[in-house]
>>> print(open('model_6.cif').read())   # mmCIF, C-alpha atoms and all ligand atoms
data_structure
#
loop_
_atom_site.label_atom_id
_atom_site.label_comp_id
_atom_site.auth_asym_id
_atom_site.auth_seq_id
_atom_site.Cartn_x
_atom_site.Cartn_y
_atom_site.Cartn_z
CA MET A 1 90.73 91.76 82.60
CA LYS A 2 89.18 93.54 85.57
CA ILE A 3 90.63 93.03 89.04
CA HIS A 4 87.87 90.64 90.24
CA THR A 5 88.77 88.37 87.29
CA SER A 6 92.55 88.62 87.42
CA ALA A 7 92.53 87.93 91.19
CA VAL A 8 91.04 84.51 90.38
CA HIS A 9 92.95 83.67 87.17
CA ALA A 10 96.34 85.42 86.97
CA GLY A 11 99.36 83.18 87.52
CA ASP A 12 97.43 79.89 87.69
CA ARG A 13 97.02 76.98 85.26
CA LYS A 14 100.44 77.36 83.66
CA GLN A 15 101.56 73.72 83.72
CA PRO A 16 102.07 72.28 80.28
CA GLY A 17 101.14 68.65 79.69
CA ARG A 18 98.10 66.42 79.66
CA HIS A 19 96.88 67.26 83.14
CA ILE A 20 96.49 70.86 84.12
CA PRO A 21 95.82 71.40 87.83
CA VAL A 22 93.16 74.07 88.43
CA THR A 23 95.34 75.67 91.11
CA THR A 24 99.13 75.94 91.28
CA PRO A 25 100.67 73.15 93.42
CA ILE A 26 103.21 73.76 96.21
CA HIS A 27 106.59 73.08 94.60
CA THR A 28 109.06 72.20 97.32
CA ALA A 29 112.00 71.00 95.21
CA ALA A 30 115.25 72.76 96.18
CA SER A 31 116.70 72.22 92.70
CA TYR A 32 115.71 71.34 89.17
CA PHE A 33 117.35 69.43 86.31
CA TYR A 34 116.56 68.83 82.68
CA ALA A 35 116.66 65.80 80.38
CA GLU A 36 119.71 67.34 78.73
CA SER A 37 122.43 68.98 80.81
CA VAL A 38 122.93 71.64 78.17
CA MET A 39 119.50 72.98 79.07
CA LEU A 40 120.40 73.50 82.75
CA ASP A 41 123.53 75.27 81.55
CA LYS A 42 121.38 77.63 79.46
CA VAL A 43 119.05 78.28 82.39
CA PHE A 44 122.01 79.10 84.64
CA GLY A 45 123.34 81.38 81.92
CA HIS A 46 119.97 83.19 81.53
CA GLU A 47 119.79 82.11 77.88
CA GLU A 48 116.62 80.12 78.54
CA ALA A 49 113.87 80.76 81.04
CA GLY A 50 113.54 77.94 83.56
CA TYR A 51 114.04 76.83 87.12
CA ALA A 52 117.41 75.82 88.51
CA TYR A 53 117.62 76.38 92.25
CA GLY A 54 115.07 77.07 94.98
CA ARG A 55 116.69 80.29 96.17
CA TYR A 56 116.18 81.84 92.73
CA ASP A 57 112.57 80.99 92.07
CA ASN A 58 110.13 78.11 91.73
CA PRO A 59 106.78 77.62 89.96
CA THR A 60 104.68 78.33 93.09
CA ASN A 61 106.43 81.63 93.77
CA ALA A 62 106.26 82.55 90.10
CA ALA A 63 102.48 82.05 90.07
CA LEU A 64 101.98 84.30 93.12
CA GLU A 65 104.36 86.91 91.71
CA GLU A 66 102.50 87.04 88.40
CA LEU A 67 99.24 87.42 90.31
CA VAL A 68 100.42 90.30 92.55
CA ALA A 69 102.08 92.09 89.61
CA THR A 70 98.90 91.77 87.54
CA LEU A 71 96.78 93.25 90.34
CA GLU A 72 99.13 96.25 90.46
CA GLY A 73 98.85 96.72 86.69
CA ALA A 74 102.36 95.39 85.97
CA SER A 75 101.73 92.00 84.39
CA PRO A 76 104.64 90.24 82.67
CA ALA A 77 102.94 91.08 79.34
CA ASN A 78 103.71 94.76 80.09
CA GLY A 79 107.30 94.12 81.19
CA GLY A 80 106.31 94.11 84.83
CA GLY A 81 106.71 91.58 87.59
CA ALA A 82 107.04 90.99 91.29
CA LEU A 83 109.29 89.37 93.84
CA ALA A 84 107.57 87.65 96.76
CA THR A 85 109.58 88.02 99.98
CA ALA A 86 109.46 86.46 103.43
CA SER A 87 107.88 89.58 104.95
CA GLY A 88 106.70 93.05 104.05
CA MET A 89 109.74 94.47 105.85
CA LEU A 90 112.07 92.42 103.69
CA ALA A 91 110.30 93.72 100.58
CA LEU A 92 110.92 97.29 101.77
CA GLN A 93 114.55 96.58 102.53
CA ALA A 94 115.12 94.94 99.13
CA ALA A 95 113.47 97.86 97.31
CA LEU A 96 115.53 100.44 99.25
CA LEU A 97 118.85 98.66 98.81
CA THR A 98 118.28 98.04 95.11
CA CYS A 99 117.39 101.60 94.30
CA LEU A 100 120.19 103.12 96.39
CA ALA A 101 122.85 100.85 94.83
CA GLU A 102 124.27 103.46 92.48
CA ARG A 103 122.74 106.57 93.95
CA ARG A 104 123.21 109.05 96.75
CA ARG A 105 122.68 107.08 99.98
CA LYS A 106 119.82 109.28 101.09
CA VAL A 107 116.16 108.42 101.61
CA LEU A 108 113.53 111.14 101.72
CA CYS A 109 110.60 109.71 103.70
CA ALA A 110 107.07 110.65 104.55
CA GLU A 111 106.79 111.70 108.20
CA ALA A 112 104.06 109.19 108.97
CA LEU A 113 105.42 105.71 108.21
CA TYR A 114 104.79 102.23 109.59
CA GLY A 115 106.72 101.90 112.88
CA ALA A 116 109.04 99.09 111.76
CA THR A 117 109.84 101.00 108.55
CA VAL A 118 111.12 103.91 110.66
CA LYS A 119 113.23 101.46 112.68
CA LEU A 120 114.54 99.81 109.49
CA LEU A 121 115.73 103.21 108.29
CA MET A 122 117.08 104.54 111.59
CA ASN A 123 118.44 101.42 113.31
CA VAL A 124 119.45 99.15 110.42
CA LEU A 125 120.23 101.27 107.36
CA GLU A 126 121.63 104.46 108.95
CA PRO A 127 124.56 102.58 110.53
CA TYR A 128 125.48 101.54 106.97
CA GLY A 129 125.70 105.16 105.94
CA ILE A 130 122.21 105.53 104.50
CA GLU A 131 120.88 108.91 105.58
CA THR A 132 117.18 109.51 106.23
CA ARG A 133 115.14 112.69 106.27
CA PHE A 134 111.47 112.86 107.23
CA VAL A 135 109.09 115.46 105.83
CA ASP A 136 105.32 115.96 105.66
CA PHE A 137 104.45 114.72 102.13
CA CYS A 138 101.00 116.32 102.38
CA ASP A 139 102.77 119.71 102.40
CA GLU A 140 103.83 120.05 98.76
CA ALA A 141 106.01 123.09 99.37
CA ALA A 142 107.86 121.32 102.22
CA PHE A 143 108.36 118.27 100.00
CA ALA A 144 109.70 120.38 97.12
CA LYS A 145 112.09 122.17 99.48
CA ALA A 146 113.34 118.88 100.93
CA ILE A 147 113.97 117.41 97.46
CA GLU A 148 115.94 120.53 96.58
CA SER A 149 118.07 120.74 99.73
CA PHE A 150 118.50 117.04 100.58
CA GLN A 151 119.01 115.68 97.03
CA PRO A 152 117.71 112.19 97.91
CA GLY A 153 118.70 108.96 96.17
CA CYS A 154 115.15 107.68 96.61
CA VAL A 155 111.77 108.67 98.02
CA LEU A 156 109.60 106.51 100.28
CA MET A 157 105.94 106.92 101.20
CA GLU A 158 102.73 105.05 102.02
CA THR A 159 99.57 105.57 99.94
CA VAL A 160 97.56 106.04 103.14
CA SER A 161 99.32 106.86 106.39
CA ASN A 162 98.89 104.95 109.63
CA PRO A 163 96.91 105.55 111.85
CA LEU A 164 95.65 109.06 110.97
CA LEU A 165 94.94 108.24 107.31
CA ARG A 166 96.67 111.14 105.58
CA VAL A 167 96.85 110.94 101.77
CA ALA A 168 99.52 112.81 99.80
CA ASP A 169 99.23 113.82 96.14
CA LEU A 170 100.86 110.68 94.75
CA SER A 171 101.18 111.78 91.12
CA ARG A 172 102.69 115.17 92.11
CA ILE A 173 105.19 113.47 94.44
CA ALA A 174 106.04 110.98 91.66
CA ALA A 175 106.59 113.79 89.13
CA MET A 176 108.82 115.78 91.50
CA ALA A 177 110.80 112.66 92.49
CA ARG A 178 111.29 111.78 88.82
CA GLU A 179 112.54 115.28 88.04
CA ALA A 180 115.12 114.87 90.82
CA ASN A 181 116.10 111.44 89.44
CA ALA A 182 115.06 109.76 92.70
CA PRO A 183 112.97 106.57 92.31
CA LEU A 184 109.71 106.54 94.27
CA ILE A 185 108.86 103.53 96.47
CA VAL A 186 105.23 103.35 97.59
CA ASP A 187 104.07 101.03 100.37
CA ASN A 188 100.53 100.25 99.15
CA THR A 189 99.58 97.86 101.99
CA PHE A 190 96.77 100.06 103.38
CA ALA A 191 95.16 101.11 100.09
CA THR A 192 95.60 97.81 98.19
CA PRO A 193 95.47 97.59 94.38
CA LEU A 194 91.66 97.45 94.48
CA LEU A 195 91.66 101.14 95.45
CA VAL A 196 94.96 102.60 94.19
CA ARG A 197 97.64 101.29 91.81
CA PRO A 198 100.64 103.55 92.45
CA LEU A 199 102.56 102.50 89.31
CA GLU A 200 99.76 104.09 87.26
CA HIS A 201 100.47 107.36 89.11
CA GLY A 202 104.19 107.29 88.37
CA ALA A 203 105.68 105.28 91.26
CA ASP A 204 108.74 103.15 90.44
CA TYR A 205 108.28 100.40 93.03
CA VAL A 206 105.20 99.21 94.89
CA VAL A 207 105.77 97.32 98.11
CA HIS A 208 103.23 95.20 100.01
CA SER A 209 102.90 93.37 103.22
CA LEU A 210 101.05 90.32 101.86
CA THR A 211 100.33 89.54 105.51
CA LYS A 212 97.54 92.11 105.50
CA TYR A 213 94.63 92.58 103.03
CA LEU A 214 96.03 90.55 100.15
CA SER A 215 96.34 87.27 102.08
CA GLY A 216 93.64 88.49 104.42
CA HIS A 217 93.18 85.62 106.87
CA GLY A 218 95.82 86.34 109.50
CA ASP A 219 97.62 83.07 108.80
CA VAL A 220 100.57 83.93 106.57
CA LEU A 221 103.48 86.37 106.72
CA GLY A 222 104.85 87.67 103.44
CA GLY A 223 105.74 90.64 101.29
CA ALA A 224 106.08 91.63 97.66
CA ILE A 225 107.83 94.20 95.49
CA VAL A 226 106.25 95.07 92.16
CA THR A 227 108.19 96.94 89.49
CA THR A 228 109.06 96.94 85.79
CA GLY A 229 111.91 96.57 83.30
CA ASP A 230 115.52 96.87 84.47
CA LYS A 231 114.44 97.56 88.02
CA LEU A 232 112.86 94.10 88.12
CA THR A 233 116.03 92.52 86.72
CA GLU A 234 118.11 94.26 89.40
CA ILE A 235 115.79 93.18 92.21
CA ARG A 236 115.85 89.58 91.00
CA ALA A 237 119.65 89.57 90.65
CA MET A 238 119.99 90.83 94.22
CA SER A 239 117.43 88.31 95.46
CA ARG A 240 119.26 85.37 93.85
CA VAL A 241 122.30 86.19 95.99
CA VAL A 242 120.69 87.42 99.22
CA GLY A 243 117.85 84.86 99.27
CA PRO A 244 114.92 86.78 100.81
CA ILE A 245 112.22 84.83 98.95
CA LEU A 246 108.95 83.65 100.41
CA GLY A 247 108.66 79.90 100.98
CA PRO A 248 106.40 77.94 98.59
CA PHE A 249 103.93 76.97 101.33
CA GLU A 250 103.36 80.63 102.21
CA CYS A 251 103.12 81.50 98.51
CA TYR A 252 100.36 78.95 98.14
CA LEU A 253 98.47 80.36 101.14
CA ALA A 254 98.87 83.94 99.93
CA MET A 255 97.62 83.00 96.47
CA ARG A 256 94.63 81.18 97.90
CA GLY A 257 93.82 84.26 99.96
CA ILE A 258 94.18 86.70 97.06
CA LYS A 259 91.48 84.97 94.99
CA THR A 260 88.86 86.47 97.30
CA PHE A 261 90.77 89.68 98.07
CA PRO A 262 88.69 92.05 95.86
CA LEU A 263 85.45 90.62 97.29
CA ARG A 264 86.66 90.90 100.87
CA MET A 265 88.11 94.36 100.40
CA GLU A 266 84.95 95.73 98.83
CA ARG A 267 82.91 94.44 101.76
CA GLN A 268 85.48 95.72 104.28
CA CYS A 269 85.38 99.21 102.75
CA ARG A 270 81.57 99.31 102.88
CA ASN A 271 81.59 98.06 106.47
CA ALA A 272 84.20 100.69 107.39
CA ALA A 273 82.05 103.49 105.94
CA ALA A 274 79.06 102.24 107.99
CA ILE A 275 81.14 102.04 111.17
CA ALA A 276 82.64 105.51 110.64
CA ALA A 277 79.08 106.87 110.22
CA PHE A 278 78.00 105.20 113.47
CA LEU A 279 81.02 106.46 115.40
CA ARG A 280 80.42 110.05 114.24
CA THR A 281 77.04 110.00 115.97
CA HIS A 282 78.24 108.48 119.25
CA PRO A 283 78.48 110.91 122.18
CA SER A 284 81.61 109.18 123.62
CA VAL A 285 83.53 109.54 120.37
CA GLU A 286 85.47 112.77 120.14
CA ARG A 287 86.80 112.47 116.61
CA VAL A 288 86.65 110.01 113.71
CA TYR A 289 89.31 109.59 111.02
CA TYR A 290 88.04 108.05 107.78
CA LEU A 291 88.71 108.89 104.16
CA ASP A 292 85.08 109.63 103.20
CA ASP A 293 85.06 112.69 105.50
CA PRO A 294 84.15 115.77 103.39
CA ARG A 295 86.32 117.89 105.76
CA HIS A 296 89.36 115.60 105.51
CA PRO A 297 92.46 117.82 105.15
CA ASP A 298 93.53 115.81 102.07
CA ARG A 299 90.09 115.76 100.43
CA HIS A 300 91.46 116.89 97.07
CA ASN A 301 94.10 114.12 96.95
CA ILE A 302 91.58 111.50 98.08
CA GLU A 303 89.19 112.48 95.28
CA LYS A 304 92.04 112.22 92.77
CA LEU A 305 93.19 108.77 93.92
CA PHE A 306 90.16 106.85 95.14
CA SER A 307 87.21 105.94 92.97
CA ASP A 308 84.06 103.80 93.12
CA GLY A 309 83.17 105.21 96.54
CA LEU A 310 85.62 102.83 98.26
CA TYR A 311 87.84 104.53 100.85
CA GLY A 312 89.65 101.69 102.55
CA ALA A 313 88.83 99.69 105.65
CA MET A 314 90.83 101.46 108.36
CA VAL A 315 88.93 103.72 110.75
CA SER A 316 90.64 105.52 113.62
CA PHE A 317 88.84 107.35 116.42
CA GLU A 318 89.42 109.16 119.69
CA VAL A 319 87.32 108.22 122.70
CA ARG A 320 86.31 111.22 124.77
CA GLY A 321 88.24 111.66 128.03
CA LEU A 322 90.04 108.30 128.05
CA ASP A 323 93.64 107.92 129.22
CA GLN A 324 95.66 104.73 128.65
CA PRO A 325 94.00 102.62 131.41
CA GLY A 326 90.62 103.85 130.16
CA VAL A 327 91.42 102.75 126.60
CA PHE A 328 92.62 99.35 127.87
CA ALA A 329 89.34 98.92 129.83
CA PHE A 330 87.37 99.84 126.69
CA MET A 331 89.30 97.31 124.61
CA ASP A 332 88.86 94.63 127.29
CA ARG A 333 85.08 95.12 127.09
CA LEU A 334 85.04 94.12 123.39
CA LYS A 335 83.38 90.73 122.93
CA MET A 336 83.86 90.12 119.19
CA VAL A 337 86.31 92.71 117.83
CA VAL A 338 89.79 91.26 118.32
CA PRO A 339 92.15 93.53 120.29
CA ALA A 340 95.27 92.38 118.41
CA THR A 341 98.07 93.83 116.33
CA SER A 342 98.06 93.59 112.51
CA LEU A 343 95.30 94.59 110.11
CA GLY A 344 93.50 93.55 106.96
CA ASP A 345 92.18 90.24 108.27
CA VAL A 346 88.63 88.95 107.75
CA HIS A 347 87.90 89.70 111.43
CA THR A 348 87.68 93.23 112.81
CA MET A 349 90.67 94.19 114.96
CA MET A 350 91.44 97.09 117.28
CA LEU A 351 94.84 98.49 118.17
CA HIS A 352 95.98 101.28 120.51
CA PRO A 353 98.71 103.12 118.55
CA TRP A 354 99.98 104.94 121.67
CA THR A 355 101.12 101.66 123.28
CA ALA A 356 101.40 99.39 120.20
CA SER A 357 102.41 100.58 116.71
CA HIS A 358 103.80 103.92 117.99
CA ARG A 359 105.09 102.67 121.35
CA ASP A 360 108.72 103.61 120.65
CA VAL A 361 107.93 106.97 119.10
CA SER A 362 108.93 109.88 121.35
CA PRO A 363 106.06 111.76 123.07
CA ARG A 364 107.09 114.90 121.15
CA HIS A 365 106.90 113.12 117.78
CA LYS A 366 103.51 111.64 118.78
CA GLU A 367 102.30 115.12 119.72
CA ARG A 368 103.56 116.59 116.45
CA THR A 369 102.02 113.87 114.29
CA GLY A 370 98.73 113.91 116.21
CA ILE A 371 98.82 110.45 117.84
CA ARG A 372 96.88 110.94 121.09
CA GLU A 373 96.53 108.67 124.10
CA ASN A 374 92.77 108.23 123.48
CA LEU A 375 93.19 107.18 119.82
CA VAL A 376 92.31 103.66 118.68
CA ARG A 377 92.66 102.16 115.22
CA LEU A 378 90.09 99.79 113.82
CA SER A 379 90.82 97.40 110.95
CA VAL A 380 87.31 96.58 109.80
CA GLY A 381 86.59 92.98 108.80
CA ILE A 382 83.94 91.24 106.71
CA GLU A 383 81.45 90.53 109.51
CA ASP A 384 77.90 91.86 109.43
CA PRO A 385 78.29 95.60 110.06
CA GLY A 386 75.44 95.53 112.61
CA ASP A 387 77.39 93.08 114.77
CA ILE A 388 80.54 95.24 114.68
CA VAL A 389 78.52 98.33 115.61
CA ALA A 390 76.76 96.45 118.43
CA ASP A 391 80.08 95.32 119.92
CA LEU A 392 81.57 98.82 119.75
CA GLU A 393 78.40 100.30 121.22
CA GLN A 394 78.34 97.99 124.25
CA ALA A 395 82.08 98.52 124.86
CA LEU A 396 81.79 102.34 124.58
CA GLY A 397 78.82 102.43 126.99
CA SER A 398 76.85 105.65 127.03
C1 LIG B 1 102.53 95.28 108.24
C2 LIG B 1 103.09 96.36 107.44
C3 LIG B 1 104.41 96.30 106.98
C4 LIG B 1 105.34 95.17 107.31
O1 LIG B 1 104.89 93.95 106.82
P1 LIG B 1 105.28 92.53 107.49
O2 LIG B 1 104.62 91.55 106.60
O3 LIG B 1 104.74 92.55 108.88
O4 LIG B 1 106.76 92.46 107.49
C5 LIG B 1 104.89 97.35 106.20
N1 LIG B 1 104.11 98.40 105.90
C6 LIG B 1 102.83 98.50 106.32
C7 LIG B 1 102.02 99.68 105.95
C8 LIG B 1 102.28 97.49 107.11
O5 LIG B 1 101.02 97.59 107.55
#
>>> encode(input="model_6.cif", output="C-alpha cells", more="lines below")
Ligand SMILES: *Cc1c(COP(=O)(O)O)cnc(C)c1O
Amino acid sequence: MKIHTSAVHAGDRKQPGRHIPVTTPIHTAASYFYAESVMLDKVFGHEEAGYAYGRYDNPTNAALEELVATLEGASPANGGGALATASGMLALQAALLTCLAERRRKVLCAEALYGATVKLLMNVLEPYGIETRFVDFCDEAAFAKAIESFQPGCVLMETVSNPLLRVADLSRIAAMAREANAPLIVDNTFATPLLVRPLEHGADYVVHSLTKYLSGHGDVLGGAIVTTGDKLTEIRAMSRVVGPILGPFECYLAMRGIKTFPLRMERQCRNAAAIAAFLRTHPSVERVYYLDDPRHPDRHNIEKLFSDGLYGAMVSFEVRGLDQPGVFAFMDRLKMVVPATSLGDVHTMMLHPWTASHRDVSPRHKERTGIRENLVRLSVGIEDPGDIVADLEQALGS
C-alpha cells in the first residue's frame, strides 16, 4: 500500500465481532480480564497476545502504533512496530536509554539538534554518567574521526536540522555507525515519513514528535519510537515498567490527524517552495534557507534522500538589517501568520530562533552554527499560498 492509503487504513477496523467500527474507539479501561482466568495468566506470561493493564498497552494505542510504524515502513507484518509516548522528548529519552542499556554510555550527536534534545543530553542524562559529544554530521571526515576516537554507544541525529535545514548523508552515517556497533537514532519529525523513511536507509530507531506534522492540528502532544525485532521488544519491556505511554484520548486525536497527514504535508511542501521563491526575490530578505536551493551546501545528500520534488515545509530566512527589536516589530506586523512556537500545524507559524528555540544556546555556539539575530523560521501551513505571501509582504514592507 502507498502512504496515502496506509495513512487512512493502517491500524483501524481490527475489532472482531458482528459490529466493526469504522474508526478505532477510545479505550479508557485501566485493566482487562478474560472469560477464563487462565487466559489472563497467559497474557501476563506473554504466551498469548492480549491486553492486561493500561500501562502496558490498549487497543487505541495499538492502532496508532501500527499506523505510525506502517508509515515508516516497519509494519508488524515486517517485524516492526512502534511505541506511542506522552511526548516527542519522552520518545527520544526511551530510545536513548534502551540502546545504551548494555553499551558504552556515550552518545555521538549531530551538532544541530532540537534545543530540548540538547538539554535532555546535557542536563538530564550527563548527570547519570552518559557522555555526549557533538560533531558536524555533514562533515563526513569529522564524523568518521569522532566515531573512531569517541567509540560511542549510540548515534543521534535529525533528518533535517533546525532551523538552518542541513541534511547529512543518512545512509553513510548509518553504515559507519553500524560498523562501529553503535545503533543510529534518527529524529524524523521535520522530514516526516512522506519524504524520508530513515529505517530504509539503515537507521535503527526512528523517533517522532507526533505533536508536529503527523497530528498536524496543534491540539495534541505526543511522540513515537519506531523500530524492529528485539529492539522493539526491549523498548516495550522498558515501557511496561517506566510507563511513558501516550493516553488513549491523545492517541485517538493523533490517529485522526494522521489520516490527512500525507495530503496536508504535500500541500505544505508545495506552499513552502512557493514562499521560498517569493522570499528570494524580496529586497528586504538577505538570505533564504530551503531544501530546493540548487546551491544548498548539502545538495548531494538532499538529492539522495528526497524525491517527488517535495522538500519539506520549513523555510528559514534572514531579514536585512534587523536586530532583535526589529524582528519583534516585523513579527508583530503579521496579521495571519501565527507568531508562536511549535511547527507542522495546518496554520503557518513564525518563530525567532535567537530568542525562542535557541534562547539558551551560548552566543559563541549560535555564531558557530550560523544562527543570526535576524533569522526567522517559518513553518508553512496549508493556507492559500497567495495569502501567506501577502501577509509576509505587508509585514516586511518595502
Ligand atoms: C518538537 C520536537 C521534539 C520534541 O517533541 P515534543 O512532542 O514537543 O516533546 C523533538 N524533536 C524535534 C525535531 C521537534 O521538532
>>> residues_around(input="model_6.cif", residues="Thr24 (chain A)", least_positions_apart="4", cutoff="9 Å", atoms="all atoms listed in the file", output="list in words")
Gly11, Asp12, Arg13, Lys14, Gln15, Pro59, Thr60, Ala63, Tyr252 and Met255 of chain A
>>> residues_near_point(input="model_6.cif", point="(92.4, 93.1, 105.8)", cutoff="8 Å", atoms="all atoms listed in the file", output="PyMOL selection string")
chain A and resi 212-217+264-265+268+313+343-347+379-381
>>> axis_aligned_box(input="model_6.cif", around="ligand LIG 1 (chain B)", padding_each_side="5 Å", output="AutoDock Vina command-line options")
--center_x 103.9 --center_y 95.6 --center_z 107.4 --size_x 15.7 --size_y 18.1 --size_z 13.0
>>> residues_around(input="model_6.cif", residues="Thr281 (chain A)", least_positions_apart="5", cutoff="12 Å", atoms="only C-alpha atoms", output="list in words")
Ala274, Ile275, Ala276, Glu286, Arg287, Val288, Val389, Glu393 and Ser398 of chain A
>>> atom_distance(input="model_6.cif", atom1="CA of Arg364 (chain A)", atom2="CA of Leu90 (chain A)")
28.9 Å
>>> build_atoms(input="model_6.cif", residues="region 281-301 of chain A", atoms="N, CA, C and O atoms", output="PDB file, keeping the file's coordinate frame")
ATOM      1  N   THR A 281      78.249 109.606 115.237  1.00  0.00           N
ATOM      2  CA  THR A 281      77.040 110.000 115.970  1.00  0.00           C
ATOM      3  C   THR A 281      77.123 109.646 117.446  1.00  0.00           C
ATOM      4  O   THR A 281      76.214 109.940 118.211  1.00  0.00           O
ATOM      5  N   HIS A 282      78.187 108.949 117.856  1.00  0.00           N
ATOM      6  CA  HIS A 282      78.240 108.480 119.250  1.00  0.00           C
ATOM      7  C   HIS A 282      78.778 109.560 120.183  1.00  0.00           C
ATOM      8  O   HIS A 282      79.840 110.129 119.922  1.00  0.00           O
ATOM      9  N   PRO A 283      78.062 109.829 121.289  1.00  0.00           N
ATOM     10  CA  PRO A 283      78.480 110.910 122.180  1.00  0.00           C
ATOM     11  C   PRO A 283      79.857 110.689 122.829  1.00  0.00           C
ATOM     12  O   PRO A 283      80.539 111.660 123.177  1.00  0.00           O
ATOM     13  N   SER A 284      80.306 109.431 122.988  1.00  0.00           N
ATOM     14  CA  SER A 284      81.610 109.180 123.620  1.00  0.00           C
ATOM     15  C   SER A 284      82.764 109.291 122.641  1.00  0.00           C
ATOM     16  O   SER A 284      83.923 109.166 123.037  1.00  0.00           O
ATOM     17  N   VAL A 285      82.458 109.469 121.365  1.00  0.00           N
ATOM     18  CA  VAL A 285      83.530 109.540 120.370  1.00  0.00           C
ATOM     19  C   VAL A 285      83.826 110.992 120.049  1.00  0.00           C
ATOM     20  O   VAL A 285      82.949 111.745 119.642  1.00  0.00           O
ATOM     21  N   GLU A 286      85.093 111.374 120.294  1.00  0.00           N
ATOM     22  CA  GLU A 286      85.470 112.770 120.140  1.00  0.00           C
ATOM     23  C   GLU A 286      85.735 113.113 118.677  1.00  0.00           C
ATOM     24  O   GLU A 286      85.380 114.172 118.192  1.00  0.00           O
ATOM     25  N   ARG A 287      86.398 112.166 117.974  1.00  0.00           N
ATOM     26  CA  ARG A 287      86.800 112.470 116.610  1.00  0.00           C
ATOM     27  C   ARG A 287      86.966 111.175 115.824  1.00  0.00           C
ATOM     28  O   ARG A 287      87.470 110.187 116.351  1.00  0.00           O
ATOM     29  N   VAL A 288      86.549 111.197 114.556  1.00  0.00           N
ATOM     30  CA  VAL A 288      86.650 110.010 113.710  1.00  0.00           C
ATOM     31  C   VAL A 288      87.544 110.332 112.504  1.00  0.00           C
ATOM     32  O   VAL A 288      87.395 111.394 111.889  1.00  0.00           O
ATOM     33  N   TYR A 289      88.463 109.432 112.200  1.00  0.00           N
ATOM     34  CA  TYR A 289      89.310 109.590 111.020  1.00  0.00           C
ATOM     35  C   TYR A 289      88.906 108.534 109.993  1.00  0.00           C
ATOM     36  O   TYR A 289      89.065 107.341 110.230  1.00  0.00           O
ATOM     37  N   TYR A 290      88.346 108.982 108.867  1.00  0.00           N
ATOM     38  CA  TYR A 290      88.040 108.050 107.780  1.00  0.00           C
ATOM     39  C   TYR A 290      88.057 108.832 106.476  1.00  0.00           C
ATOM     40  O   TYR A 290      87.726 110.026 106.445  1.00  0.00           O
ATOM     41  N   LEU A 291      88.443 108.171 105.400  1.00  0.00           N
ATOM     42  CA  LEU A 291      88.710 108.890 104.160  1.00  0.00           C
ATOM     43  C   LEU A 291      87.474 109.426 103.433  1.00  0.00           C
ATOM     44  O   LEU A 291      87.615 110.171 102.474  1.00  0.00           O
ATOM     45  N   ASP A 292      86.271 109.077 103.881  1.00  0.00           N
ATOM     46  CA  ASP A 292      85.080 109.630 103.200  1.00  0.00           C
ATOM     47  C   ASP A 292      84.663 110.982 103.790  1.00  0.00           C
ATOM     48  O   ASP A 292      83.697 111.579 103.341  1.00  0.00           O
ATOM     49  N   ASP A 293      85.413 111.451 104.797  1.00  0.00           N
ATOM     50  CA  ASP A 293      85.060 112.690 105.500  1.00  0.00           C
ATOM     51  C   ASP A 293      85.174 113.893 104.552  1.00  0.00           C
ATOM     52  O   ASP A 293      86.252 114.180 104.033  1.00  0.00           O
ATOM     53  N   PRO A 294      84.077 114.610 104.312  1.00  0.00           N
ATOM     54  CA  PRO A 294      84.150 115.770 103.390  1.00  0.00           C
ATOM     55  C   PRO A 294      85.114 116.848 103.890  1.00  0.00           C
ATOM     56  O   PRO A 294      85.599 117.655 103.098  1.00  0.00           O
ATOM     57  N   ARG A 295      85.390 116.869 105.230  1.00  0.00           N
ATOM     58  CA  ARG A 295      86.320 117.890 105.760  1.00  0.00           C
ATOM     59  C   ARG A 295      87.731 117.343 105.955  1.00  0.00           C
ATOM     60  O   ARG A 295      88.547 117.943 106.655  1.00  0.00           O
ATOM     61  N   HIS A 296      88.007 116.171 105.393  1.00  0.00           N
ATOM     62  CA  HIS A 296      89.360 115.600 105.510  1.00  0.00           C
ATOM     63  C   HIS A 296      90.380 116.583 104.933  1.00  0.00           C
ATOM     64  O   HIS A 296      90.156 117.139 103.852  1.00  0.00           O
ATOM     65  N   PRO A 297      91.493 116.830 105.646  1.00  0.00           N
ATOM     66  CA  PRO A 297      92.460 117.820 105.150  1.00  0.00           C
ATOM     67  C   PRO A 297      93.035 117.483 103.769  1.00  0.00           C
ATOM     68  O   PRO A 297      93.512 118.375 103.070  1.00  0.00           O
ATOM     69  N   ASP A 298      92.988 116.204 103.374  1.00  0.00           N
ATOM     70  CA  ASP A 298      93.530 115.810 102.070  1.00  0.00           C
ATOM     71  C   ASP A 298      92.430 115.451 101.069  1.00  0.00           C
ATOM     72  O   ASP A 298      92.647 114.663 100.142  1.00  0.00           O
ATOM     73  N   ARG A 299      91.257 116.063 101.269  1.00  0.00           N
ATOM     74  CA  ARG A 299      90.090 115.760 100.430  1.00  0.00           C
ATOM     75  C   ARG A 299      90.417 115.736  98.931  1.00  0.00           C
ATOM     76  O   ARG A 299      90.039 114.837  98.199  1.00  0.00           O
ATOM     77  N   HIS A 300      91.156 116.755  98.491  1.00  0.00           N
ATOM     78  CA  HIS A 300      91.460 116.890  97.070  1.00  0.00           C
ATOM     79  C   HIS A 300      92.264 115.672  96.571  1.00  0.00           C
ATOM     80  O   HIS A 300      91.960 115.101  95.516  1.00  0.00           O
ATOM     81  N   ASN A 301      93.278 115.266  97.339  1.00  0.00           N
ATOM     82  CA  ASN A 301      94.100 114.120  96.950  1.00  0.00           C
ATOM     83  C   ASN A 301      93.290 112.821  96.968  1.00  0.00           C
ATOM     84  O   ASN A 301      93.478 111.944  96.120  1.00  0.00           O
TER      85      ASN A 301
END
